[in-house]
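Participant: Once you've had a glance at the structure underneath, I'll fire off some questions.
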Protein chains: 2
Amino acid sequence: MTTPQLTKNQSLVFDVLEKAEGPLSAYTILDKLRDHGFRAPLQVYRALEKLLEYGVVHRLESINSFVACAHPGENCHSHGIVAFAICESCGQVMEFHDHEVDHRLMAWVRGQKFKPEKTTIEIRGLCETCAA
Amino acid sequence: MTTPQLTKNQSLVFDVLEKAEGPLSAYTILDKLRDHGFRAPLQVYRALEKLLEYGVVHRLESINSFVACAHPGENCHSHGIVAFAICESCGQVMEFHDHEVDHRLMAWVRGQKFKPEKTTIEIRGLCETCAA
DNA sequence: ATTGCACACGTTATAGCATAACGCAATTGA
DNA sequence: TCAATTGCGTTATGCTATAACGTGTGCAAT
Ligand SMILES: [Zn+2]
Ligand SMILES: [Zn+2]
Ligand SMILES: [Zn+2]
Ligand SMILES: [Zn+2]
């Protein structure tokens, strides 16, 4: 899927996420955009829905937050499963792909005749700096 | 860690989860226990906190729900990372462990000097029955 | 040109998930 | 006995997400 031209709200939300140091909750994004006319959560959630669809933003299920894709330009949807390491102290997120992990997980679910749609891999812990 | 004797509330919550067909939200558990005197969400969340600590219940981050461990008797914490396949149609959950997946993920984070604490792997999709 | 449709947007209200803060009672162990 | 710990009950609050309604705009088919 190619990323279409973003609408005004989508651009605003994406810019906030791109400039952020780490993942943001929808309500944090809302607060950062009040000066730009945002008044309600739905304005954020509707933009996020599209950005997720385009693959330029990821949702971190374990912390109810959103982060800009770390691979600008590429289409993250084509990399297979995306995994995240999330520092619980500073919020920094590392994003990576591992085909062997994909392969093992998909082999297992196929063996169960399970049809996968969306996979979440999130490792919470401490980044190098915060663990020191 | 060995599982201590459960308190009354912990037993009630655990029994509800064990008898359930699939994962339940905390508020669903609350509703099922109103006849037993439960009145407030905290009664459920406090019991869940302990059950998670003992490893007899798992939290499914992607659907804000809780499920009894599929490996009664064993201590699930000792199996390394636990992965779940969650049917989005019927709610059925399959739980499994894969040491190779653990190994790859842990090797990657070690390479980043990241110190992992808790890992979530959740595959949402359709089970064999629902995909037919 | 008019109609119909798709889509983004704005607003209000509501639903669903989780914890803070207080106090009380029972247990334990010094 | 006294202090510390743990579980429990209650009230209130905060955070996350969506339902339902209406508006306006652009565009294609008639
Ligand atoms: Zn990405
Ligand atoms: Zn950190
Ligand atoms: Zn388990
Ligand atoms: Zn199913």
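Lettering and numbering for the structure tokens are positional, with chains as A, B, ... in the shown order, residues counted from 1 in each chain, and ligands counted from 1 in the shown order.
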Please produce chain A as a tab-separated table (two decimals) with N, CA and C atoms, in the first residue's frame once it has been superposed on chain B, the fit using all Cα atoms paired in sequence order.
Facilitator:
chain	number	residue	atom	x	y	z
A	1	MET	N	8.75	-19.44	41.53
A	1	MET	CA	7.81	-19.02	42.59
A	1	MET	C	6.68	-20.03	42.75
A	2	THR	N	6.42	-20.41	43.97
A	2	THR	CA	5.32	-21.34	44.22
A	2	THR	C	4.05	-20.55	44.51
A	3	THR	N	2.92	-21.12	44.16
A	3	THR	CA	1.65	-20.42	44.33
A	3	THR	C	1.11	-20.63	45.74
A	4	PRO	N	0.99	-19.57	46.51
A	4	PRO	CA	0.46	-19.72	47.87
A	4	PRO	C	-1.04	-19.99	47.85
A	5	GLN	N	-1.55	-20.31	48.99
A	5	GLN	CA	-3.00	-20.47	49.14
A	5	GLN	C	-3.69	-19.19	48.70
A	6	LEU	N	-4.69	-19.33	47.86
A	6	LEU	CA	-5.39	-18.14	47.38
A	6	LEU	C	-6.37	-17.65	48.45
A	7	THR	N	-6.54	-16.33	48.48
A	7	THR	CA	-7.54	-15.77	49.38
A	7	THR	C	-8.92	-15.97	48.75
A	8	LYS	N	-9.93	-15.58	49.49
A	8	LYS	CA	-11.30	-15.76	49.01
A	8	LYS	C	-11.51	-15.03	47.68
A	9	ASN	N	-11.17	-13.77	47.63
A	9	ASN	CA	-11.38	-13.01	46.41
A	9	ASN	C	-10.55	-13.54	45.26
A	10	GLN	N	-9.33	-13.90	45.55
A	10	GLN	CA	-8.46	-14.45	44.51
A	10	GLN	C	-9.06	-15.75	43.95
A	11	SER	N	-9.57	-16.59	44.82
A	11	SER	CA	-10.19	-17.85	44.38
A	11	SER	C	-11.41	-17.58	43.51
A	12	LEU	N	-12.22	-16.65	43.93
A	12	LEU	CA	-13.43	-16.33	43.16
A	12	LEU	C	-13.07	-15.87	41.76
A	13	VAL	N	-12.12	-14.95	41.68
A	13	VAL	CA	-11.72	-14.44	40.37
A	13	VAL	C	-11.10	-15.55	39.52
A	14	PHE	N	-10.25	-16.34	40.15
A	14	PHE	CA	-9.60	-17.41	39.38
A	14	PHE	C	-10.63	-18.42	38.86
A	15	ASP	N	-11.59	-18.77	39.70
A	15	ASP	CA	-12.62	-19.73	39.27
A	15	ASP	C	-13.41	-19.21	38.08
A	16	VAL	N	-13.74	-17.94	38.13
A	16	VAL	CA	-14.47	-17.36	37.00
A	16	VAL	C	-13.65	-17.49	35.72
A	17	LEU	N	-12.36	-17.18	35.82
A	17	LEU	CA	-11.51	-17.24	34.62
A	17	LEU	C	-11.34	-18.68	34.14
A	18	GLU	N	-11.22	-19.59	35.08
A	18	GLU	CA	-11.00	-20.98	34.68
A	18	GLU	C	-12.23	-21.56	34.00
A	19	LYS	N	-13.39	-21.15	34.44
A	19	LYS	CA	-14.61	-21.71	33.86
A	19	LYS	C	-15.01	-21.01	32.56
A	20	ALA	N	-14.40	-19.87	32.31
A	20	ALA	CA	-14.78	-19.11	31.11
A	20	ALA	C	-14.25	-19.80	29.85
A	21	GLU	N	-14.96	-19.59	28.76
A	21	GLU	CA	-14.54	-20.15	27.48
A	21	GLU	C	-13.33	-19.41	26.93
A	22	GLY	N	-13.26	-18.14	27.25
A	22	GLY	CA	-12.17	-17.34	26.71
A	22	GLY	C	-11.79	-16.24	27.68
A	23	PRO	N	-11.00	-15.28	27.20
A	23	PRO	CA	-10.54	-14.20	28.07
A	23	PRO	C	-11.70	-13.30	28.50
A	24	LEU	N	-11.58	-12.71	29.67
A	24	LEU	CA	-12.59	-11.82	30.22
A	24	LEU	C	-11.96	-10.50	30.63
A	25	SER	N	-12.71	-9.44	30.48
A	25	SER	CA	-12.25	-8.15	30.99
A	25	SER	C	-12.50	-8.10	32.49
A	26	ALA	N	-11.79	-7.20	33.16
A	26	ALA	CA	-11.95	-7.08	34.60
A	26	ALA	C	-13.40	-6.74	34.96
A	27	TYR	N	-14.03	-5.94	34.14
A	27	TYR	CA	-15.40	-5.53	34.45
A	27	TYR	C	-16.40	-6.64	34.20
A	28	THR	N	-16.09	-7.51	33.25
A	28	THR	CA	-16.94	-8.69	33.05
A	28	THR	C	-16.83	-9.62	34.24
A	29	ILE	N	-15.61	-9.76	34.73
A	29	ILE	CA	-15.41	-10.58	35.93
A	29	ILE	C	-16.19	-9.98	37.09
A	30	LEU	N	-16.11	-8.68	37.22
A	30	LEU	CA	-16.84	-8.00	38.29
A	30	LEU	C	-18.34	-8.33	38.22
A	31	ASP	N	-18.89	-8.24	37.03
A	31	ASP	CA	-20.33	-8.52	36.88
A	31	ASP	C	-20.67	-9.94	37.29
A	32	LYS	N	-19.77	-10.86	36.93
A	32	LYS	CA	-20.04	-12.26	37.25
A	32	LYS	C	-19.92	-12.53	38.75
A	33	LEU	N	-19.31	-11.62	39.48
A	33	LEU	CA	-19.10	-11.86	40.91
A	33	LEU	C	-19.95	-10.96	41.80
A	34	ARG	N	-20.86	-10.24	41.19
A	34	ARG	CA	-21.72	-9.36	42.01
A	34	ARG	C	-22.55	-10.17	42.99
A	35	ASP	N	-22.96	-11.34	42.55
A	35	ASP	CA	-23.75	-12.19	43.45
A	35	ASP	C	-22.93	-12.69	44.62
A	36	HIS	N	-21.62	-12.64	44.49
A	36	HIS	CA	-20.74	-13.08	45.58
A	36	HIS	C	-20.24	-11.90	46.40
A	37	GLY	N	-20.84	-10.75	46.19
A	37	GLY	CA	-20.52	-9.62	47.05
A	37	GLY	C	-19.56	-8.61	46.46
A	38	PHE	N	-19.08	-8.88	45.25
A	38	PHE	CA	-18.19	-7.90	44.64
A	38	PHE	C	-18.97	-6.64	44.25
A	39	ARG	N	-18.40	-5.50	44.59
A	39	ARG	CA	-19.08	-4.23	44.30
A	39	ARG	C	-18.21	-3.27	43.50
A	40	ALA	N	-16.90	-3.42	43.52
A	40	ALA	CA	-16.03	-2.40	42.93
A	40	ALA	C	-14.90	-3.04	42.11
A	41	PRO	N	-14.48	-2.34	41.06
A	41	PRO	CA	-13.41	-2.83	40.18
A	41	PRO	C	-12.15	-3.24	40.94
A	42	LEU	N	-11.83	-2.47	41.98
A	42	LEU	CA	-10.58	-2.75	42.68
A	42	LEU	C	-10.55	-4.15	43.27
A	43	GLN	N	-11.69	-4.66	43.64
A	43	GLN	CA	-11.71	-6.01	44.19
A	43	GLN	C	-11.22	-7.01	43.15
A	44	VAL	N	-11.59	-6.74	41.91
A	44	VAL	CA	-11.13	-7.61	40.82
A	44	VAL	C	-9.66	-7.34	40.50
A	45	TYR	N	-9.31	-6.09	40.35
A	45	TYR	CA	-7.94	-5.77	39.95
A	45	TYR	C	-6.92	-6.21	40.98
A	46	ARG	N	-7.28	-6.11	42.26
A	46	ARG	CA	-6.32	-6.53	43.28
A	46	ARG	C	-6.12	-8.04	43.26
A	47	ALA	N	-7.19	-8.76	43.02
A	47	ALA	CA	-7.05	-10.22	42.91
A	47	ALA	C	-6.24	-10.56	41.67
A	48	LEU	N	-6.54	-9.91	40.57
A	48	LEU	CA	-5.82	-10.20	39.33
A	48	LEU	C	-4.32	-9.93	39.49
A	49	GLU	N	-4.00	-8.86	40.18
A	49	GLU	CA	-2.60	-8.51	40.38
A	49	GLU	C	-1.82	-9.67	41.00
A	50	LYS	N	-2.43	-10.28	41.99
A	50	LYS	CA	-1.77	-11.41	42.65
A	50	LYS	C	-1.74	-12.64	41.74
A	51	LEU	N	-2.84	-12.90	41.07
A	51	LEU	CA	-2.90	-14.07	40.21
A	51	LEU	C	-1.89	-13.97	39.07
A	52	LEU	N	-1.69	-12.76	38.57
A	52	LEU	CA	-0.67	-12.55	37.54
A	52	LEU	C	0.71	-12.79	38.13
A	53	GLU	N	0.90	-12.30	39.33
A	53	GLU	CA	2.19	-12.47	40.01
A	53	GLU	C	2.50	-13.96	40.21
A	54	TYR	N	1.49	-14.73	40.56
A	54	TYR	CA	1.68	-16.16	40.78
A	54	TYR	C	1.82	-16.93	39.46
A	55	GLY	N	1.50	-16.27	38.36
A	55	GLY	CA	1.63	-16.92	37.06
A	55	GLY	C	0.49	-17.83	36.70
A	56	VAL	N	-0.63	-17.76	37.41
A	56	VAL	CA	-1.76	-18.65	37.10
A	56	VAL	C	-2.78	-17.97	36.18
A	57	VAL	N	-2.55	-16.69	35.94
A	57	VAL	CA	-3.41	-15.94	35.03
A	57	VAL	C	-2.50	-15.10	34.13
A	58	HIS	N	-2.93	-14.93	32.88
A	58	HIS	CA	-2.18	-14.07	31.97
A	58	HIS	C	-3.05	-12.89	31.56
A	59	ARG	N	-2.36	-11.79	31.29
A	59	ARG	CA	-3.06	-10.63	30.78
A	59	ARG	C	-2.82	-10.52	29.29
A	60	LEU	N	-3.90	-10.31	28.55
A	60	LEU	CA	-3.78	-10.13	27.10
A	60	LEU	C	-3.86	-8.63	26.81
A	61	GLU	N	-2.71	-8.06	26.54
A	61	GLU	CA	-2.60	-6.60	26.43
A	61	GLU	C	-3.42	-6.05	25.27
A	62	SER	N	-3.48	-6.82	24.20
A	62	SER	CA	-4.11	-6.27	23.00
A	62	SER	C	-5.62	-6.24	23.09
A	63	ILE	N	-6.19	-6.92	24.07
A	63	ILE	CA	-7.65	-6.89	24.19
A	63	ILE	C	-8.08	-6.56	25.62
A	64	ASN	N	-7.14	-6.05	26.42
A	64	ASN	CA	-7.46	-5.64	27.78
A	64	ASN	C	-8.26	-6.69	28.53
A	65	SER	N	-7.77	-7.92	28.48
A	65	SER	CA	-8.50	-9.00	29.11
A	65	SER	C	-7.54	-9.96	29.80
A	66	PHE	N	-8.14	-10.89	30.53
A	66	PHE	CA	-7.37	-11.82	31.35
A	66	PHE	C	-7.85	-13.24	31.09
A	67	VAL	N	-6.90	-14.17	31.19
A	67	VAL	CA	-7.23	-15.56	30.89
A	67	VAL	C	-6.47	-16.46	31.87
A	68	ALA	N	-7.10	-17.55	32.28
A	68	ALA	CA	-6.41	-18.51	33.13
A	68	ALA	C	-5.30	-19.17	32.33
A	69	CYS	N	-4.20	-19.44	32.98
A	69	CYS	CA	-3.09	-20.12	32.31
A	69	CYS	C	-3.54	-21.49	31.81
A	70	ALA	N	-3.10	-21.81	30.60
A	70	ALA	CA	-3.51	-23.08	29.98
A	70	ALA	C	-2.67	-24.25	30.47
A	71	HIS	N	-1.74	-24.00	31.37
A	71	HIS	CA	-0.86	-25.06	31.85
A	71	HIS	C	-0.97	-25.21	33.36
A	72	PRO	N	-2.12	-25.67	33.82
A	72	PRO	CA	-2.31	-25.78	35.27
A	72	PRO	C	-1.29	-26.75	35.86
A	73	GLY	N	-0.83	-26.43	37.02
A	73	GLY	CA	0.15	-27.31	37.66
A	73	GLY	C	1.55	-26.82	37.39
A	74	GLU	N	1.91	-26.67	36.11
A	74	GLU	CA	3.23	-26.14	35.82
A	74	GLU	C	3.30	-24.68	36.23
A	75	ASN	N	4.49	-24.19	36.33
A	75	ASN	CA	4.64	-22.76	36.59
A	75	ASN	C	5.00	-22.08	35.29
A	76	CYS	N	4.06	-21.31	34.81
A	76	CYS	CA	4.21	-20.74	33.48
A	76	CYS	C	5.36	-19.76	33.40
A	77	HIS	N	5.70	-19.17	34.51
A	77	HIS	CA	6.81	-18.22	34.51
A	77	HIS	C	8.12	-18.87	34.11
A	78	SER	N	8.20	-20.18	34.30
A	78	SER	CA	9.48	-20.86	34.05
A	78	SER	C	9.63	-21.28	32.59
A	79	HIS	N	8.60	-21.05	31.81
A	79	HIS	CA	8.66	-21.49	30.41
A	79	HIS	C	9.26	-20.45	29.50
A	80	GLY	N	9.69	-19.33	30.06
A	80	GLY	CA	10.15	-18.26	29.19
A	80	GLY	C	8.97	-17.50	28.65
A	81	ILE	N	9.14	-16.92	27.47
A	81	ILE	CA	8.10	-16.09	26.90
A	81	ILE	C	6.88	-16.92	26.54
A	82	VAL	N	5.73	-16.40	26.84
A	82	VAL	CA	4.47	-17.05	26.48
A	82	VAL	C	3.86	-16.30	25.31
A	83	ALA	N	3.38	-17.04	24.34
A	83	ALA	CA	2.74	-16.41	23.19
A	83	ALA	C	1.28	-16.87	23.12
A	84	PHE	N	0.45	-16.01	22.56
A	84	PHE	CA	-0.98	-16.31	22.49
A	84	PHE	C	-1.50	-16.11	21.07
A	85	ALA	N	-2.38	-17.02	20.68
A	85	ALA	CA	-3.15	-16.83	19.45
A	85	ALA	C	-4.59	-16.61	19.89
A	86	ILE	N	-5.14	-15.47	19.50
A	86	ILE	CA	-6.46	-15.05	19.99
A	86	ILE	C	-7.42	-14.95	18.82
A	87	CYS	N	-8.49	-15.73	18.85
A	87	CYS	CA	-9.50	-15.65	17.79
A	87	CYS	C	-10.36	-14.42	18.00
A	88	GLU	N	-10.39	-13.57	16.97
A	88	GLU	CA	-11.15	-12.32	17.10
A	88	GLU	C	-12.64	-12.55	16.90
A	89	SER	N	-13.01	-13.75	16.50
A	89	SER	CA	-14.43	-14.02	16.31
A	89	SER	C	-15.04	-14.68	17.54
A	90	CYS	N	-14.44	-15.76	18.02
A	90	CYS	CA	-15.04	-16.50	19.13
A	90	CYS	C	-14.31	-16.26	20.45
A	91	GLY	N	-13.18	-15.60	20.42
A	91	GLY	CA	-12.48	-15.28	21.66
A	91	GLY	C	-11.58	-16.37	22.19
A	92	GLN	N	-11.62	-17.52	21.56
A	92	GLN	CA	-10.78	-18.63	22.01
A	92	GLN	C	-9.29	-18.24	22.01
A	93	VAL	N	-8.57	-18.70	23.01
A	93	VAL	CA	-7.15	-18.38	23.12
A	93	VAL	C	-6.32	-19.65	23.15
A	94	MET	N	-5.26	-19.68	22.36
A	94	MET	CA	-4.28	-20.76	22.44
A	94	MET	C	-2.98	-20.18	22.99
A	95	GLU	N	-2.38	-20.91	23.89
A	95	GLU	CA	-1.17	-20.44	24.55
A	95	GLU	C	-0.03	-21.37	24.21
A	96	PHE	N	1.12	-20.80	23.86
A	96	PHE	CA	2.24	-21.68	23.56
A	96	PHE	C	3.58	-21.01	23.85
A	97	HIS	N	4.60	-21.82	23.86
A	97	HIS	CA	5.95	-21.35	24.14
A	97	HIS	C	6.85	-21.79	23.00
A	98	ASP	N	7.80	-20.98	22.65
A	98	ASP	CA	8.75	-21.38	21.62
A	98	ASP	C	10.12	-20.84	22.00
A	99	HIS	N	11.00	-21.77	22.32
A	99	HIS	CA	12.30	-21.35	22.82
A	99	HIS	C	13.13	-20.64	21.76
A	100	GLU	N	12.93	-21.05	20.51
A	100	GLU	CA	13.68	-20.40	19.45
A	100	GLU	C	13.26	-18.92	19.31
A	101	VAL	N	11.98	-18.67	19.43
A	101	VAL	CA	11.50	-17.29	19.38
A	101	VAL	C	12.09	-16.51	20.55
A	102	ASP	N	11.99	-17.09	21.74
A	102	ASP	CA	12.61	-16.46	22.91
A	102	ASP	C	14.05	-16.09	22.61
A	103	HIS	N	14.76	-17.09	22.10
A	103	HIS	CA	16.19	-16.94	21.89
A	103	HIS	C	16.50	-15.81	20.93
A	104	ARG	N	15.76	-15.76	19.83
A	104	ARG	CA	15.99	-14.70	18.84
A	104	ARG	C	15.70	-13.32	19.41
A	105	LEU	N	14.59	-13.21	20.11
A	105	LEU	CA	14.22	-11.90	20.67
A	105	LEU	C	15.23	-11.47	21.73
A	106	MET	N	15.59	-12.40	22.59
A	106	MET	CA	16.51	-12.04	23.66
A	106	MET	C	17.90	-11.74	23.11
A	107	ALA	N	18.30	-12.46	22.05
A	107	ALA	CA	19.58	-12.17	21.42
A	107	ALA	C	19.57	-10.77	20.84
A	108	TRP	N	18.47	-10.39	20.25
A	108	TRP	CA	18.41	-9.06	19.65
A	108	TRP	C	18.51	-7.98	20.72
A	109	VAL	N	17.71	-8.11	21.77
A	109	VAL	CA	17.73	-7.06	22.77
A	109	VAL	C	19.08	-7.01	23.49
A	110	ARG	N	19.68	-8.17	23.70
A	110	ARG	CA	21.01	-8.15	24.32
A	110	ARG	C	21.99	-7.37	23.46
A	111	GLY	N	21.88	-7.56	22.15
A	111	GLY	CA	22.74	-6.82	21.23
A	111	GLY	C	22.54	-5.32	21.34
A	112	GLN	N	21.36	-4.92	21.78
A	112	GLN	CA	21.08	-3.49	21.95
A	112	GLN	C	21.36	-3.04	23.37
A	113	LYS	N	21.89	-3.94	24.18
A	113	LYS	CA	22.12	-3.65	25.59
A	113	LYS	C	20.82	-3.28	26.31
A	114	PHE	N	19.74	-3.81	25.80
A	114	PHE	CA	18.44	-3.57	26.41
A	114	PHE	C	18.17	-4.68	27.41
A	115	LYS	N	17.65	-4.29	28.57
A	115	LYS	CA	17.40	-5.29	29.62
A	115	LYS	C	15.90	-5.61	29.69
A	116	PRO	N	15.49	-6.75	29.15
A	116	PRO	CA	14.06	-7.08	29.07
A	116	PRO	C	13.48	-7.46	30.42
A	117	GLU	N	12.24	-7.05	30.64
A	117	GLU	CA	11.56	-7.40	31.90
A	117	GLU	C	10.33	-8.26	31.62
A	118	LYS	N	9.57	-7.85	30.60
A	118	LYS	CA	8.29	-8.53	30.35
A	118	LYS	C	7.98	-8.44	28.87
A	119	THR	N	7.71	-9.58	28.28
A	119	THR	CA	7.49	-9.62	26.84
A	119	THR	C	6.08	-10.08	26.49
A	120	THR	N	5.51	-9.41	25.53
A	120	THR	CA	4.16	-9.71	25.07
A	120	THR	C	4.21	-10.19	23.62
A	121	ILE	N	3.65	-11.37	23.37
A	121	ILE	CA	3.47	-11.83	21.98
A	121	ILE	C	2.02	-12.26	21.83
A	122	GLU	N	1.29	-11.55	21.00
A	122	GLU	CA	-0.13	-11.86	20.81
A	122	GLU	C	-0.47	-11.82	19.33
A	123	ILE	N	-1.00	-12.93	18.85
A	123	ILE	CA	-1.39	-13.05	17.44
A	123	ILE	C	-2.91	-13.06	17.37
A	124	ARG	N	-3.48	-12.02	16.79
A	124	ARG	CA	-4.92	-11.98	16.62
A	124	ARG	C	-5.28	-12.48	15.23
A	125	GLY	N	-6.37	-13.20	15.16
A	125	GLY	CA	-6.78	-13.73	13.87
A	125	GLY	C	-8.03	-14.57	14.03
A	126	LEU	N	-8.12	-15.63	13.22
A	126	LEU	CA	-9.30	-16.49	13.27
A	126	LEU	C	-8.88	-17.93	13.53
A	127	CYS	N	-9.56	-18.55	14.47
A	127	CYS	CA	-9.27	-19.96	14.75
A	127	CYS	C	-9.81	-20.83	13.61
A	128	GLU	N	-9.44	-22.09	13.65
A	128	GLU	CA	-9.82	-22.99	12.56
A	128	GLU	C	-11.32	-22.97	12.32
A	129	THR	N	-12.09	-23.08	13.39
A	129	THR	CA	-13.55	-23.12	13.26
A	129	THR	C	-14.09	-21.84	12.64
A	130	CYS	N	-13.63	-20.70	13.15
A	130	CYS	CA	-14.18	-19.43	12.70
A	130	CYS	C	-13.69	-19.04	11.31
A	131	ALA	N	-12.57	-19.58	10.89
A	131	ALA	CA	-12.03	-19.23	9.58
A	131	ALA	C	-12.73	-20.01	8.46
A	132	ALA	N	-13.40	-21.08	8.85
A	132	ALA	CA	-13.99	-21.96	7.84
A	132	ALA	C	-15.13	-21.28	7.07
Participant: Distance limit 9 Å, atoms considered: only C-alpha atoms (C1' of nucleotides). Which chain D residues sit that close to chain A? Return them as a list in words.
Facilitator: DC15, DT16, DA17 and DT18 of chain D
Participant: Specify as a list in words all residues of chain C found within 12 Å of chain A, counting only C-alpha atoms (C1' of nucleotides).
Facilitator: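 Residues satisfying the distance criterion: DC7, DA8, DC9, DG10, DT11, DT12, DA13 and DC17 of chain C.
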Participant: In Å, with one decimal, what is the gap from C1' of DG14 (chain D) to C1' of DA18 (chain C)?
Facilitator: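 C1' of DA18 (chain C) lies 8.4 Å from C1' of DG14 (chain D).
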Participant: Could you state the separation of C1' of DT14 (chain C) and C1' of DG9 (chain D) in Å, given to one decimal place?
Facilitator: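 C1' of DG9 (chain D) lies at a distance of 27.6 Å from C1' of DT14 (chain C).
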Participant: Using DSSP on the backbone, list every residue of chain A that comes out as helix (DSSP H, G or I), and give them as an NGL selection string.
Facilitator: :A and (8-19 or 26-32 or 34-36 or 41-54 or 61-63 or 76-79 or 99-111 or 128-131)
Participant: Can you pull out every residue from chain A that DSSP, working from the backbone, puts in strand (DSSP E), and format the result as a VMD selection string?
Facilitator: chain A and resid 57 to 60 65 to 68 82 to 87 93 to 97 115 to 126
Participant: Find the spatial neighbours of DA21 (chain C), counting only C-alpha atoms (C1' of nucleotides), within a cut-off of 12 Å - ignore same-chain residues fewer than 5 positions away - and output them as a count of residues only.
Facilitator: 4
Participant: Please list as a CSV table (one decimal) with C-alpha atoms (C1' of nucleotides), in the first residue's frame every residue within 12 Å of DA30 (chain C), counting only C-alpha atoms (C1' of nucleotides) and excluding residues in the same chain fewer than 6 positions away.
Facilitator:
chain,number,residue,atom,x,y,z
D,1,DT,C1',2.2,-5.4,73.4
D,2,DC,C1',3.4,-2.9,69.5
D,3,DA,C1',4.5,-2.3,64.8
D,4,DA,C1',4.5,-3.8,60.2
